>>> print(open('my_file_36.cif').read())   # mmCIF, C-alpha atoms
data_final
loop_
_atom_site.label_atom_id
_atom_site.label_comp_id
_atom_site.auth_asym_id
_atom_site.auth_seq_id
_atom_site.Cartn_x
_atom_site.Cartn_y
_atom_site.Cartn_z
CA MET A 1105 54.16 -18.07 -30.47
CA ALA A 1106 54.80 -14.54 -31.68
CA ALA A 1107 56.11 -13.71 -28.25
CA THR A 1108 58.60 -16.60 -28.32
CA MET A 1109 59.92 -15.69 -31.74
CA SER A 1110 61.09 -12.23 -30.84
CA MET A 1111 62.87 -13.60 -27.79
CA MET A 1112 64.88 -16.23 -29.69
CA PRO A 1113 66.72 -14.54 -32.54
CA GLY A 1114 68.07 -17.84 -33.88
CA PHE A 1115 64.64 -19.40 -34.22
CA ARG A 1116 63.68 -17.57 -37.38
CA SER A 1117 66.66 -18.69 -39.44
CA ASN A 1118 65.89 -22.37 -38.86
CA ILE A 1119 62.49 -22.30 -40.50
CA SER A 1120 63.09 -19.75 -43.26
CA SER A 1121 66.09 -21.34 -44.94
CA GLN A 1122 63.89 -22.70 -47.72
CA ASN A 1123 65.16 -20.45 -50.48
CA ASP A 1124 68.85 -19.66 -50.35
CA LEU A 1125 68.74 -17.38 -53.40
CA VAL A 1126 67.21 -14.59 -51.39
CA PRO A 1127 68.92 -13.45 -48.18
CA ASP A 1128 67.23 -14.28 -44.92
CA TRP A 1129 66.64 -10.74 -43.86
CA THR A 1130 64.35 -9.88 -46.75
CA ARG A 1131 61.82 -12.33 -45.35
CA THR A 1132 62.16 -11.37 -41.71
CA GLU A 1133 60.05 -8.81 -39.94
CA VAL A 1134 61.77 -5.68 -38.74
CA SER A 1135 62.37 -6.01 -35.02
CA THR A 1136 63.61 -3.65 -32.39
CA GLY A 1137 65.38 -6.56 -30.63
CA THR A 1138 66.67 -4.17 -28.10
CA THR A 1139 67.53 -3.06 -24.62
CA ILE A 1140 65.41 -0.38 -22.95
CA MET A 1141 65.45 0.89 -19.40
CA ALA A 1142 63.57 3.40 -17.26
CA VAL A 1143 64.31 4.53 -13.69
CA GLU A 1144 62.33 6.77 -11.34
CA TYR A 1145 64.08 9.35 -9.18
CA ASP A 1146 62.76 12.00 -6.84
CA GLY A 1147 61.54 14.65 -9.23
CA GLY A 1148 61.43 12.77 -12.52
CA VAL A 1149 62.49 9.78 -14.56
CA VAL A 1150 65.48 8.75 -16.62
CA ILE A 1151 64.94 6.61 -19.71
CA GLY A 1152 67.44 4.97 -22.03
CA ALA A 1153 67.66 2.72 -25.06
CA ASP A 1154 70.16 1.29 -27.54
CA SER A 1155 69.86 2.21 -31.22
CA ARG A 1156 69.79 -1.01 -33.24
CA THR A 1157 66.90 -2.18 -35.43
CA THR A 1158 67.36 -5.56 -37.10
CA THR A 1159 65.74 -7.61 -39.84
CA GLY A 1160 67.22 -11.01 -39.09
CA ALA A 1161 71.00 -10.57 -39.23
CA TYR A 1162 70.91 -7.24 -41.09
CA ILE A 1163 70.93 -4.04 -39.04
CA ALA A 1164 68.27 -1.98 -40.78
CA ASN A 1165 68.92 1.12 -38.72
CA ARG A 1166 71.97 1.55 -36.48
CA VAL A 1167 70.95 4.93 -35.09
CA THR A 1168 67.30 4.28 -34.23
CA ASP A 1169 65.50 6.49 -31.77
CA LYS A 1170 63.45 4.17 -29.59
CA LEU A 1171 62.51 6.88 -27.11
CA THR A 1172 59.28 8.20 -28.55
CA PRO A 1173 57.50 11.28 -27.20
CA ILE A 1174 53.82 10.75 -26.48
CA HIS A 1175 53.23 14.11 -24.89
CA ASP A 1176 55.29 17.02 -23.50
CA ARG A 1177 56.50 15.15 -20.45
CA ILE A 1178 55.56 11.55 -21.29
CA PHE A 1179 57.76 9.22 -23.32
CA CYS A 1180 57.65 5.57 -24.24
CA CYS A 1181 60.51 3.13 -24.85
CA ARG A 1182 59.72 0.62 -27.60
CA SER A 1183 60.80 -3.01 -27.96
CA GLY A 1184 59.50 -5.86 -30.10
CA SER A 1185 58.16 -5.38 -33.61
CA ALA A 1186 59.12 -1.94 -34.93
CA ALA A 1187 55.91 -1.65 -36.96
CA ASP A 1188 53.62 -2.68 -34.11
CA THR A 1189 55.21 -0.33 -31.58
CA GLN A 1190 55.23 2.63 -33.96
CA ALA A 1191 51.56 2.07 -34.76
CA ILE A 1192 50.57 1.78 -31.10
CA ALA A 1193 52.59 4.86 -30.15
CA ASP A 1194 50.87 6.86 -32.93
CA VAL A 1195 47.43 5.77 -31.73
CA VAL A 1196 48.19 6.55 -28.10
CA SER A 1197 49.70 9.99 -28.84
CA TYR A 1198 46.54 10.86 -30.75
CA GLN A 1199 44.24 9.62 -27.99
CA LEU A 1200 46.28 11.34 -25.28
CA GLY A 1201 46.50 14.62 -27.18
CA PHE A 1202 42.74 14.66 -27.62
CA HIS A 1203 42.16 13.79 -23.95
CA SER A 1204 44.53 16.54 -22.84
CA ILE A 1205 42.67 19.15 -24.88
CA GLU A 1206 39.34 17.98 -23.46
CA LEU A 1207 40.63 18.30 -19.90
CA ASP A 1208 42.55 21.50 -20.64
CA GLU A 1209 45.50 20.31 -18.58
CA ALA A 1210 48.58 18.12 -18.90
CA PRO A 1211 47.73 14.40 -19.02
CA LEU A 1212 48.80 11.96 -16.33
CA VAL A 1213 51.49 9.35 -16.98
CA GLU A 1214 49.10 6.76 -15.59
CA THR A 1215 46.56 7.69 -18.26
CA ALA A 1216 49.12 7.22 -21.02
CA ALA A 1217 50.10 3.86 -19.54
CA HIS A 1218 46.50 2.73 -19.43
CA LEU A 1219 45.97 3.74 -23.05
CA PHE A 1220 48.98 1.64 -24.04
CA LYS A 1221 47.67 -1.25 -22.02
CA ALA A 1222 44.24 -1.02 -23.60
CA SER A 1223 45.66 -1.34 -27.12
CA CYS A 1224 48.25 -3.97 -26.23
CA TYR A 1225 45.76 -6.14 -24.37
CA ARG A 1226 42.88 -5.87 -26.86
CA TYR A 1227 45.08 -6.81 -29.80
CA ARG A 1228 47.41 -9.10 -27.87
CA GLU A 1229 47.12 -11.95 -30.40
CA GLU A 1230 48.23 -9.77 -33.29
CA LEU A 1231 50.87 -7.66 -31.62
CA THR A 1232 54.45 -8.16 -30.46
CA ALA A 1233 55.14 -5.08 -28.38
CA GLY A 1234 56.95 -4.56 -25.09
CA ILE A 1235 56.71 -0.94 -23.98
CA LEU A 1236 57.95 1.12 -21.04
CA VAL A 1237 55.92 4.29 -20.39
CA ALA A 1238 57.72 6.94 -18.36
CA GLY A 1239 57.18 10.58 -17.58
CA TRP A 1240 56.45 13.28 -15.07
CA ASP A 1241 53.14 14.77 -13.97
CA ARG A 1242 52.10 17.13 -11.21
CA ARG A 1243 50.11 14.57 -9.27
CA LYS A 1244 52.58 11.75 -8.70
CA GLY A 1245 55.90 13.08 -9.96
CA GLY A 1246 58.18 10.74 -11.91
CA GLN A 1247 56.62 7.38 -12.79
CA VAL A 1248 57.60 4.31 -14.79
CA TYR A 1249 55.01 1.84 -16.06
CA CYS A 1250 55.82 -1.46 -17.71
CA VAL A 1251 53.51 -2.85 -20.44
CA PRO A 1252 55.13 -6.12 -21.55
CA ILE A 1253 53.99 -8.48 -24.32
CA GLY A 1254 50.49 -9.66 -23.51
CA GLY A 1255 49.25 -6.35 -22.19
CA MET A 1256 49.90 -6.38 -18.45
CA LEU A 1257 50.35 -3.05 -16.70
CA VAL A 1258 52.49 -2.59 -13.63
CA ARG A 1259 54.24 0.40 -12.09
CA GLN A 1260 57.85 -0.21 -11.07
CA PRO A 1261 60.56 2.09 -9.72
CA VAL A 1262 62.98 0.62 -12.25
CA ALA A 1263 62.18 -1.43 -15.33
CA VAL A 1264 64.12 -2.98 -18.21
CA GLY A 1265 62.82 -4.50 -21.41
CA GLY A 1266 63.74 -6.01 -24.74
CA SER A 1267 65.92 -8.95 -25.70
CA GLY A 1268 69.03 -7.50 -24.08
CA SER A 1269 67.34 -6.96 -20.75
CA THR A 1270 67.78 -10.57 -19.59
CA TYR A 1271 71.54 -10.04 -19.33
CA ILE A 1272 71.28 -7.08 -16.98
CA TYR A 1273 68.70 -8.23 -14.43
CA GLY A 1274 71.46 -9.29 -12.06
CA PHE A 1275 73.36 -6.02 -12.54
CA MET A 1276 70.21 -3.97 -12.04
CA ASP A 1277 69.08 -5.90 -8.95
CA SER A 1278 72.45 -5.41 -7.28
CA ASN A 1279 73.11 -1.80 -8.31
CA TYR A 1280 69.73 -0.09 -8.06
CA LYS A 1281 68.95 1.57 -4.76
CA PRO A 1282 65.86 3.62 -3.98
CA SER A 1283 66.36 7.42 -3.68
CA MET A 1284 69.14 7.84 -6.23
CA SER A 1285 69.83 11.25 -7.73
CA LYS A 1286 69.29 12.10 -11.40
CA GLU A 1287 73.01 11.83 -12.18
CA GLN A 1288 73.26 8.44 -10.51
CA CYS A 1289 70.26 7.21 -12.48
CA LEU A 1290 71.84 8.41 -15.72
CA GLU A 1291 75.09 6.61 -14.90
CA LEU A 1292 73.29 3.43 -13.91
CA THR A 1293 71.24 3.43 -17.11
CA ALA A 1294 74.26 4.08 -19.32
CA ALA A 1295 76.24 1.33 -17.56
CA ALA A 1296 73.42 -1.20 -17.75
CA LEU A 1297 72.72 -0.51 -21.42
CA THR A 1298 76.42 -0.79 -22.27
CA LEU A 1299 76.66 -4.19 -20.57
CA ALA A 1300 73.56 -5.43 -22.36
CA MET A 1301 74.77 -4.16 -25.73
CA GLU A 1302 78.01 -6.07 -25.30
CA ARG A 1303 76.24 -9.36 -24.76
CA ASP A 1304 73.09 -9.12 -26.90
CA GLY A 1305 73.54 -9.35 -30.67
CA SER A 1306 70.26 -7.54 -31.27
CA SER A 1307 71.29 -4.49 -29.23
CA GLY A 1308 74.03 -2.06 -30.11
CA GLY A 1309 74.96 1.26 -31.64
CA VAL A 1310 74.70 4.32 -29.44
CA VAL A 1311 73.03 4.87 -26.10
CA ARG A 1312 70.19 7.37 -26.15
CA LEU A 1313 69.22 8.85 -22.80
CA ALA A 1314 66.52 11.27 -21.73
CA SER A 1315 65.58 12.73 -18.39
CA ILE A 1316 62.06 14.04 -17.82
CA SER A 1317 61.10 16.34 -14.95
CA GLU A 1318 58.98 19.36 -14.20
CA GLU A 1319 61.48 21.55 -16.05
CA GLY A 1320 61.07 19.55 -19.24
CA VAL A 1321 62.91 16.93 -21.26
CA GLU A 1322 66.67 16.78 -21.61
CA ARG A 1323 68.07 14.37 -24.22
CA ARG A 1324 71.57 13.14 -24.76
CA VAL A 1325 73.44 10.60 -26.84
CA ILE A 1326 76.49 8.58 -25.87
CA LEU A 1327 78.40 7.49 -28.96
CA GLY A 1328 80.02 4.07 -29.29
CA ASN A 1329 83.53 5.19 -28.42
CA GLN A 1330 82.33 7.22 -25.44
CA LEU A 1331 80.46 4.37 -23.75
CA PRO A 1332 81.53 3.73 -20.14
CA LYS A 1333 84.15 1.02 -19.84
CA ILE A 1334 82.66 -1.24 -17.22
CA SER A 1335 83.60 -4.69 -18.39
CA THR A 1336 86.52 -5.87 -16.38
CA HIS A 1337 87.52 -8.78 -18.59
CA MET M 393 53.12 -28.01 -24.37
CA GLU M 394 53.70 -27.08 -27.99
CA ARG M 395 56.17 -24.38 -27.02
CA ARG M 396 58.15 -26.77 -24.85
CA CYS M 397 58.42 -29.34 -27.65
CA LEU M 398 59.66 -26.70 -30.07
CA ASP M 399 62.06 -25.36 -27.47
CA ALA M 400 63.49 -28.82 -26.96
CA LYS M 401 63.91 -29.32 -30.69
CA TYR M 402 65.74 -26.07 -31.34
CA LYS M 403 67.43 -25.30 -28.05
CA GLY M 404 68.03 -28.70 -26.53
CA VAL M 405 66.76 -29.91 -23.18
CA SER M 406 66.42 -26.91 -20.90
CA THR M 407 69.38 -26.58 -18.57
CA GLY M 408 67.37 -25.48 -15.57
CA THR M 409 70.30 -24.40 -13.48
CA THR M 410 72.90 -21.76 -12.73
CA ILE M 411 76.57 -22.72 -12.62
CA LEU M 412 79.67 -20.61 -12.43
CA ALA M 413 83.40 -20.71 -11.86
CA ALA M 414 85.87 -17.90 -11.18
CA ILE M 415 89.62 -17.77 -10.66
CA PHE M 416 91.05 -15.76 -7.76
CA ASP M 417 94.56 -15.17 -6.53
CA GLY M 418 95.76 -18.67 -5.65
CA GLY M 419 92.73 -20.77 -6.47
CA VAL M 420 89.36 -21.14 -8.08
CA VAL M 421 85.76 -21.07 -6.87
CA ILE M 422 83.19 -23.26 -8.60
CA GLY M 423 79.53 -23.20 -7.66
CA SER M 424 75.95 -23.98 -8.57
CA ASP M 425 72.37 -23.75 -7.36
CA SER M 426 70.62 -26.86 -6.04
CA ARG M 427 67.31 -27.13 -7.86
CA ALA M 428 66.29 -30.01 -10.15
CA SER M 429 62.96 -29.50 -11.88
CA ILE M 430 60.75 -31.35 -14.33
CA GLY M 431 59.61 -29.10 -17.15
CA GLY M 432 59.97 -26.04 -14.99
CA GLU M 433 56.78 -26.96 -13.12
CA TYR M 434 57.73 -29.40 -10.37
CA VAL M 435 60.86 -29.17 -8.26
CA SER M 436 62.03 -32.74 -8.04
CA SER M 437 64.92 -31.91 -5.73
CA LYS M 438 65.62 -28.79 -3.65
CA THR M 439 69.10 -29.79 -2.57
CA ILE M 440 70.83 -31.59 -5.39
CA ASN M 441 74.58 -31.00 -5.60
CA LYS M 442 75.61 -30.22 -9.13
CA VAL M 443 79.29 -29.79 -8.29
CA ILE M 444 80.89 -33.20 -8.76
CA GLN M 445 84.37 -34.17 -7.71
CA VAL M 446 86.32 -36.02 -10.40
CA HIS M 447 89.67 -35.99 -8.61
CA ASP M 448 91.29 -34.53 -5.48
CA ARG M 449 91.56 -30.99 -6.78
CA ILE M 450 89.36 -31.16 -9.88
CA PHE M 451 85.61 -30.49 -9.80
CA CYS M 452 82.97 -30.31 -12.51
CA CYS M 453 79.60 -28.66 -12.88
CA MET M 454 77.14 -30.20 -15.28
CA ALA M 455 74.82 -28.39 -17.63
CA GLY M 456 72.22 -29.85 -19.93
CA SER M 457 70.52 -33.17 -19.50
CA LEU M 458 71.39 -34.40 -16.02
CA ALA M 459 71.12 -38.01 -17.13
CA ASP M 460 73.61 -37.52 -19.97
CA ALA M 461 75.93 -35.54 -17.71
CA GLN M 462 75.95 -38.21 -15.02
CA ALA M 463 76.71 -40.93 -17.57
CA VAL M 464 79.55 -38.92 -19.09
CA LEU M 465 81.00 -38.09 -15.68
CA LYS M 466 80.98 -41.73 -14.66
CA ALA M 467 82.98 -42.65 -17.75
CA ALA M 468 85.27 -39.65 -17.28
CA LYS M 469 86.06 -40.53 -13.66
CA PHE M 470 87.12 -43.98 -14.77
CA HIS M 471 89.32 -42.67 -17.61
CA LEU M 472 90.87 -40.09 -15.32
CA SER M 473 91.76 -42.46 -12.48
CA PHE M 474 93.24 -44.91 -15.00
CA HIS M 475 95.26 -42.06 -16.53
CA SER M 476 96.40 -40.98 -13.08
CA VAL M 477 97.63 -44.50 -12.27
CA GLN M 478 99.49 -44.71 -15.60
CA MET M 479 101.16 -41.32 -15.07
CA GLU M 480 101.81 -42.07 -11.39
CA SER M 481 100.71 -38.56 -10.43
CA SER M 482 97.62 -36.42 -10.09
CA PRO M 483 96.01 -35.57 -13.40
CA LEU M 484 96.21 -32.07 -14.80
CA VAL M 485 93.02 -30.02 -14.95
CA ILE M 486 93.36 -29.85 -18.72
CA ALA M 487 93.49 -33.65 -18.82
CA ALA M 488 90.16 -33.89 -17.00
CA ALA M 489 88.64 -31.24 -19.25
CA THR M 490 89.93 -32.97 -22.36
CA VAL M 491 88.52 -36.33 -21.29
CA LEU M 492 85.10 -34.70 -20.92
CA LYS M 493 85.46 -32.83 -24.19
CA GLU M 494 86.39 -36.02 -26.09
CA LEU M 495 83.32 -37.79 -24.75
CA CYS M 496 81.10 -34.82 -25.63
CA TYR M 497 82.56 -34.42 -29.12
CA GLN M 498 82.73 -38.08 -30.16
CA ASN M 499 79.15 -38.64 -29.05
CA LYS M 500 77.74 -35.27 -29.96
CA ASP M 501 74.78 -36.72 -31.85
CA GLU M 502 73.50 -38.64 -28.85
CA LEU M 503 74.45 -36.38 -25.97
CA GLN M 504 73.21 -33.06 -24.69
CA ALA M 505 75.62 -32.24 -21.90
CA GLY M 506 78.17 -29.51 -21.25
CA PHE M 507 80.66 -29.14 -18.40
CA LEU M 508 82.56 -26.56 -16.44
CA THR M 509 85.79 -28.07 -15.13
CA ALA M 510 87.71 -26.19 -12.47
CA GLY M 511 90.69 -27.21 -10.46
CA TRP M 512 94.25 -26.67 -9.35
CA ASP M 513 97.38 -28.47 -10.51
CA ARG M 514 101.11 -28.05 -9.99
CA LYS M 515 101.83 -27.09 -13.58
CA LYS M 516 99.49 -24.15 -14.22
CA GLY M 517 97.83 -23.44 -10.89
CA PRO M 518 94.12 -22.63 -10.88
CA GLN M 519 92.31 -23.14 -14.19
CA ILE M 520 88.79 -23.25 -15.58
CA TYR M 521 87.79 -25.05 -18.79
CA VAL M 522 84.43 -25.02 -20.54
CA ALA M 523 83.52 -28.13 -22.55
CA SER M 524 80.38 -27.00 -24.33
CA LEU M 525 77.50 -28.98 -25.85
CA GLY M 526 79.08 -29.66 -29.26
CA GLY M 527 82.49 -30.51 -27.85
CA MET M 528 84.45 -27.24 -27.94
CA LEU M 529 87.05 -26.75 -25.21
CA LEU M 530 87.83 -23.25 -24.02
CA GLU M 531 89.91 -21.92 -21.13
CA GLN M 532 88.52 -18.88 -19.30
CA SER M 533 89.17 -17.02 -16.08
CA VAL M 534 85.50 -16.65 -15.26
CA THR M 535 82.55 -18.42 -16.76
CA ILE M 536 78.82 -18.90 -16.17
CA GLY M 537 76.36 -21.42 -17.54
CA GLY M 538 72.83 -22.80 -17.36
CA SER M 539 69.49 -21.08 -17.84
CA GLY M 540 69.99 -18.73 -14.90
CA SER M 541 73.26 -17.45 -16.29
CA THR M 542 71.61 -15.12 -18.83
CA TYR M 543 70.46 -12.85 -16.00
CA ILE M 544 73.92 -12.36 -14.56
CA TYR M 545 76.04 -11.69 -17.65
CA GLY M 546 75.92 -7.96 -16.95
CA TYR M 547 76.72 -8.43 -13.28
CA VAL M 548 79.65 -10.78 -13.94
CA ASP M 549 81.04 -8.55 -16.71
CA ALA M 550 80.96 -5.55 -14.39
CA LYS M 551 81.99 -7.13 -11.10
CA TYR M 552 84.60 -9.82 -11.80
CA ARG M 553 88.21 -8.73 -11.40
CA PRO M 554 91.28 -10.91 -11.87
CA ASN M 555 93.41 -11.52 -8.72
CA MET M 556 90.66 -11.08 -6.15
CA SER M 557 91.19 -12.49 -2.68
CA ARG M 558 89.50 -15.72 -1.62
CA GLU M 559 86.84 -13.91 0.41
CA GLU M 560 86.09 -11.40 -2.34
CA CYS M 561 85.73 -14.19 -4.89
CA LEU M 562 83.43 -16.20 -2.61
CA GLN M 563 81.28 -13.12 -2.07
CA PHE M 564 81.21 -12.43 -5.81
CA ALA M 565 80.16 -16.03 -6.56
CA THR M 566 77.50 -16.06 -3.83
CA ASN M 567 76.07 -12.74 -5.03
CA ALA M 568 76.00 -13.89 -8.63
CA LEU M 569 74.22 -17.14 -7.77
CA ALA M 570 71.75 -15.30 -5.53
CA LEU M 571 70.93 -12.80 -8.28
CA ALA M 572 70.42 -15.57 -10.84
CA MET M 573 68.27 -17.64 -8.48
CA GLY M 574 66.21 -14.53 -7.79
CA ARG M 575 65.30 -14.13 -11.44
CA ASP M 576 65.30 -17.69 -12.85
CA ASN M 577 62.46 -19.87 -11.68
CA VAL M 578 64.25 -23.13 -12.49
CA SER M 579 67.27 -22.22 -10.35
CA GLY M 580 67.02 -22.05 -6.60
CA GLY M 581 67.56 -23.71 -3.26
CA VAL M 582 70.98 -23.38 -1.69
CA ALA M 583 74.26 -22.22 -3.17
CA HIS M 584 76.88 -24.98 -3.36
CA LEU M 585 80.39 -23.57 -3.64
CA VAL M 586 83.74 -25.34 -3.71
CA VAL M 587 87.00 -23.46 -3.17
CA ILE M 588 89.99 -25.26 -4.71
CA THR M 589 93.54 -24.24 -3.88
CA GLU M 590 96.95 -25.84 -3.54
CA SER M 591 96.05 -27.00 -0.04
CA GLY M 592 92.88 -28.81 -1.07
CA ALA M 593 89.19 -28.37 -1.71
CA GLU M 594 86.68 -26.82 0.68
CA HIS M 595 82.93 -27.15 0.24
CA VAL M 596 80.87 -24.11 1.32
CA VAL M 597 77.08 -24.30 1.42
CA VAL M 598 75.04 -21.11 1.72
CA PRO M 599 71.45 -21.95 2.68
CA GLY M 600 68.59 -20.02 1.09
CA ASP M 601 67.91 -17.74 4.02
CA LYS M 602 71.57 -16.72 4.32
CA LEU M 603 71.87 -15.70 0.67
CA PRO M 604 72.37 -11.96 0.09
CA LYS M 605 69.12 -10.07 -0.48
CA PHE M 606 68.82 -7.29 -3.01
CA HIS M 607 66.64 -4.24 -2.88
CA ASP M 608 63.36 -5.74 -3.97
CA GLU M 609 63.28 -8.68 -1.56
#
>>> encode(input="my_file_36.cif", output="C-alpha cells")
Amino acid sequence: MAATMSMMPGFRSNISSQNDLVPDWTRTEVSTGTTIMAVEYDGGVVIGADSRTTTGAYIANRVTDKLTPIHDRIFCCRSGSAADTQAIADVVSYQLGFHSIELDEAPLVETAAHLFKASCYRYREELTAGILVAGWDRRKGGQVYCVPIGGMLVRQPVAVGGSGSTYIYGFMDSNYKPSMSKEQCLELTAAALTLAMERDGSSGGVVRLASISEEGVERRVILGNQLPKISTH
Amino acid sequence: MERRCLDAKYKGVSTGTTILAAIFDGGVVIGSDSRASIGGEYVSSKTINKVIQVHDRIFCCMAGSLADAQAVLKAAKFHLSFHSVQMESSPLVIAAATVLKELCYQNKDELQAGFLTAGWDRKKGPQIYVASLGGMLLEQSVTIGGSGSTYIYGYVDAKYRPNMSREECLQFATNALALAMGRDNVSGGVAHLVVITESGAEHVVVPGDKLPKFHDE
C-alpha cells in the first residue's frame, strides 16, 4: 500500500479531505516524488536528478540535492519518502565508511549497493524508498545498481527511477546505446530529465548532474532557463 | 485484490492499452496495440483491433472500459450516418468527435470511456480530437492514450515534429507503439495503424516480430 501511494500523487488528497480548515500539505508526508537517472559509460558513471521535494501540492524544497555522496566515488540517487531515504543513506554511509577503514582501501560500489539492499529489504514494510547506487571502483569501473521499493538489487547499464521515470522509459529505450562517451551520457541524462520534469507534476526545478570516474567527482547544475529545449510541440 | 479494487474506485477501470494519433503533412495516422486483458493477468485476445471506423475517412480509438466504448460507438455510428444523410455529404471530423463527446458528457455518471477521433475532411484537412472520460473535447496535433502511453510521453515530446512525411510519421507511430508495448504488460500483440488522407484510408498491420527492437531486446 505504501508503495502505491507514492506512485499516485492524487490518491492522498481523496482520503485526507476530512478537515478543510487545515491545508492538505500539512498532513502529507514529505516525498521526493522525483525523476532520477544513472548511466554507465566506459570509465565511470553519470547520475542526474531533478530538485523538487513535495508535501502534497506544496513544494517544500525547490532546489533539493537528491544526489547524496556515500563515499568518495560512490553516490546514491534518492526517490520516495525524503525521510526514509535520508535515514537509509546515513546508515549506509556509516557502515561503508567503517568497512572501508577496516579494509584500508576504497570500498566497492557493489558493497554499497548490497548495504542499501540489506536495509531496504529488511525494513521493506516500513519504508518507501527507491534508490539508484552509482559510482566507480578499481575492480569493475563504473557501475549502476538499482534498489527499487521492496528491496530488489539489480545492476543495469542505465536506470531511471521515481514518479517521473515512467514518462521517459520510451525515450530512454530508444536513445540509449551501449558504449556512449561521458558527454553523450550527460546530454542524454539532461534531455531525459527535462522531458520527465515537463510531464510529471512531482518533478521540477533544476537538473543536478554528477559524473564519477577514477579522477573524482564532477558536479554541475542546469538551471531552469538553461534546460535543453527538446520538446517539439 | 485489494489494490485493484481501490485502483478501480479512484482511477476508473484500467485502460490496458496504448493508443495514439499523429498528424503529418497531408493526413493523419491513428494506431493502437492489439491486446485485451482481464485484470492484467490473462490475455483474452492477442489480436483485437481497437481502431474502429465510424465513417469513410473518420476512425476512432477507444480507451477505458471496452464494453462502454463499444456501446457508445454503436450509438455514435448511427447518429453520424443519420447526420450524413440529412446534410447530404460526408460528416466533418469535428461532427464525429462532438457526437462522441456529447454521449460521454451526458452520460458521464454511468460511462467510463474516452475516445481519440482522427480523420480527414474537405473543410479542415487532417484533424485529431480527444474526447476524454468526463466529456471534454480537445483538438491536438499529436496525442497518446491508454495505460501504455505514460511510458512514451518523453519519446513523443522529443520525436514528434509537425509536417512530417507519411513514411516518417508511420515510423514514428510504429516506434512509439513498440516502445510502449515493450514496457507496459497490458499492451502488446501487433500494431494496428490506419493512415487517413484525402484519397482514403489504408490499414497497416505490423506483426510482433516485425516491430522495431531497441537496445535491450
>>> interface_residues(input="my_file_36.cif", of="chain A", to="chain M", cutoff="6 Å", atoms="all atoms listed in the file", output="list in words")
Thr1270, Tyr1271, Ile1272, Tyr1273, Gly1274, Phe1275, Ser1278, Leu1299, Ile1334, Ser1335 and Thr1336 of chain A
>>> resolve_selection(input="my_file_36.cif", expression="the PyMOL selection byres ((chain M and resi 463) around 12)", output="list in words")
Met454, Ser457, Leu458, Ala459, Asp460, Ala461, Gln462, Val464, Leu465, Lys466, Ala467, Ala468, Lys469, Phe470, Leu492, Leu495, Cys496, Asn499, Glu502, Leu503, Gln504 and Ala505 of chain M
>>> closest_residue(input="my_file_36.cif", among="M:Ala583, M:Leu525, M:Ile440, M:Ala413", to="Arg427 (chain M)", atoms="all atoms listed in the file")
M:Ile440
>>> resolve_selection(input="my_file_36.cif", expression="the PyMOL selection byres ((chain A and resi 1304) around 10)", output="list in words")
Gly1137, Thr1138, Thr1139, Ser1267, Gly1268, Ser1269, Thr1270, Tyr1271, Leu1299, Ala1300, Met1301, Glu1302, Arg1303, Gly1305, Ser1306, Ser1307 and Gly1308 of chain A
>>> axis_aligned_box(input="my_file_36.cif", around="region 556-568 of chain M", padding_each_side="6 Å", output="lines of an AutoDock Vina configuration file")
center_x = 83.6
center_y = -13.6
center_z = -4.1
size_x = 27.2
size_y = 17.1
size_z = 21.0
>>> residues_near_point(input="my_file_36.cif", point="(88.9, -35.8, -19.8)", cutoff="12 Å", atoms="all atoms listed in the file", output="CSV table (one decimal) with C-alpha atoms, keeping the file's coordinate frame")
chain,number,residue,atom,x,y,z
M,446,VAL,CA,86.3,-36.0,-10.4
M,447,HIS,CA,89.7,-36.0,-8.6
M,450,ILE,CA,89.4,-31.2,-9.9
M,451,PHE,CA,85.6,-30.5,-9.8
M,452,CYS,CA,83.0,-30.3,-12.5
M,464,VAL,CA,79.6,-38.9,-19.1
M,465,LEU,CA,81.0,-38.1,-15.7
M,466,LYS,CA,81.0,-41.7,-14.7
M,467,ALA,CA,83.0,-42.6,-17.8
M,468,ALA,CA,85.3,-39.6,-17.3
M,469,LYS,CA,86.1,-40.5,-13.7
M,470,PHE,CA,87.1,-44.0,-14.8
M,471,HIS,CA,89.3,-42.7,-17.6
M,472,LEU,CA,90.9,-40.1,-15.3
M,473,SER,CA,91.8,-42.5,-12.5
M,474,PHE,CA,93.2,-44.9,-15.0
M,475,HIS,CA,95.3,-42.1,-16.5
M,476,SER,CA,96.4,-41.0,-13.1
M,483,PRO,CA,96.0,-35.6,-13.4
M,484,LEU,CA,96.2,-32.1,-14.8
M,485,VAL,CA,93.0,-30.0,-15.0
M,486,ILE,CA,93.4,-29.8,-18.7
M,487,ALA,CA,93.5,-33.6,-18.8
M,488,ALA,CA,90.2,-33.9,-17.0
M,489,ALA,CA,88.6,-31.2,-19.2
M,490,THR,CA,89.9,-33.0,-22.4
M,491,VAL,CA,88.5,-36.3,-21.3
M,492,LEU,CA,85.1,-34.7,-20.9
M,493,LYS,CA,85.5,-32.8,-24.2
M,494,GLU,CA,86.4,-36.0,-26.1
M,495,LEU,CA,83.3,-37.8,-24.8
M,496,CYS,CA,81.1,-34.8,-25.6
M,497,TYR,CA,82.6,-34.4,-29.1
M,507,PHE,CA,80.7,-29.1,-18.4
M,508,LEU,CA,82.6,-26.6,-16.4
M,509,THR,CA,85.8,-28.1,-15.1
M,521,TYR,CA,87.8,-25.0,-18.8
M,522,VAL,CA,84.4,-25.0,-20.5
M,523,ALA,CA,83.5,-28.1,-22.6
M,527,GLY,CA,82.5,-30.5,-27.8
M,529,LEU,CA,87.0,-26.8,-25.2
>>> atom_distance(input="my_file_36.cif", atom1="CA of Ser437 (chain M)", atom2="CA of Gly408 (chain M)")
12.0 Å
>>> resolve_selection(input="my_file_36.cif", expression="the PyMOL selection byres ((chain M and resi 557-563) around 7)", output="number ranges by chain")
M: 416-417, 421, 555-556, 564-567
>>> write_last_selection(input="my_file_36.cif", atoms="C-alpha atoms", output="PDB file, in the coordinates of the input")
ATOM      1  CA  PHE M 416      91.050 -15.760  -7.760  1.00  0.00           C
ATOM      2  CA  ASP M 417      94.560 -15.170  -6.530  1.00  0.00           C
ATOM      3  CA  VAL M 421      85.760 -21.070  -6.870  1.00  0.00           C
ATOM      4  CA  ASN M 555      93.410 -11.520  -8.720  1.00  0.00           C
ATOM      5  CA  MET M 556      90.660 -11.080  -6.150  1.00  0.00           C
ATOM      6  CA  PHE M 564      81.210 -12.430  -5.810  1.00  0.00           C
ATOM      7  CA  ALA M 565      80.160 -16.030  -6.560  1.00  0.00           C
ATOM      8  CA  THR M 566      77.500 -16.060  -3.830  1.00  0.00           C
ATOM      9  CA  ASN M 567      76.070 -12.740  -5.030  1.00  0.00           C
TER      10      ASN M 567
END
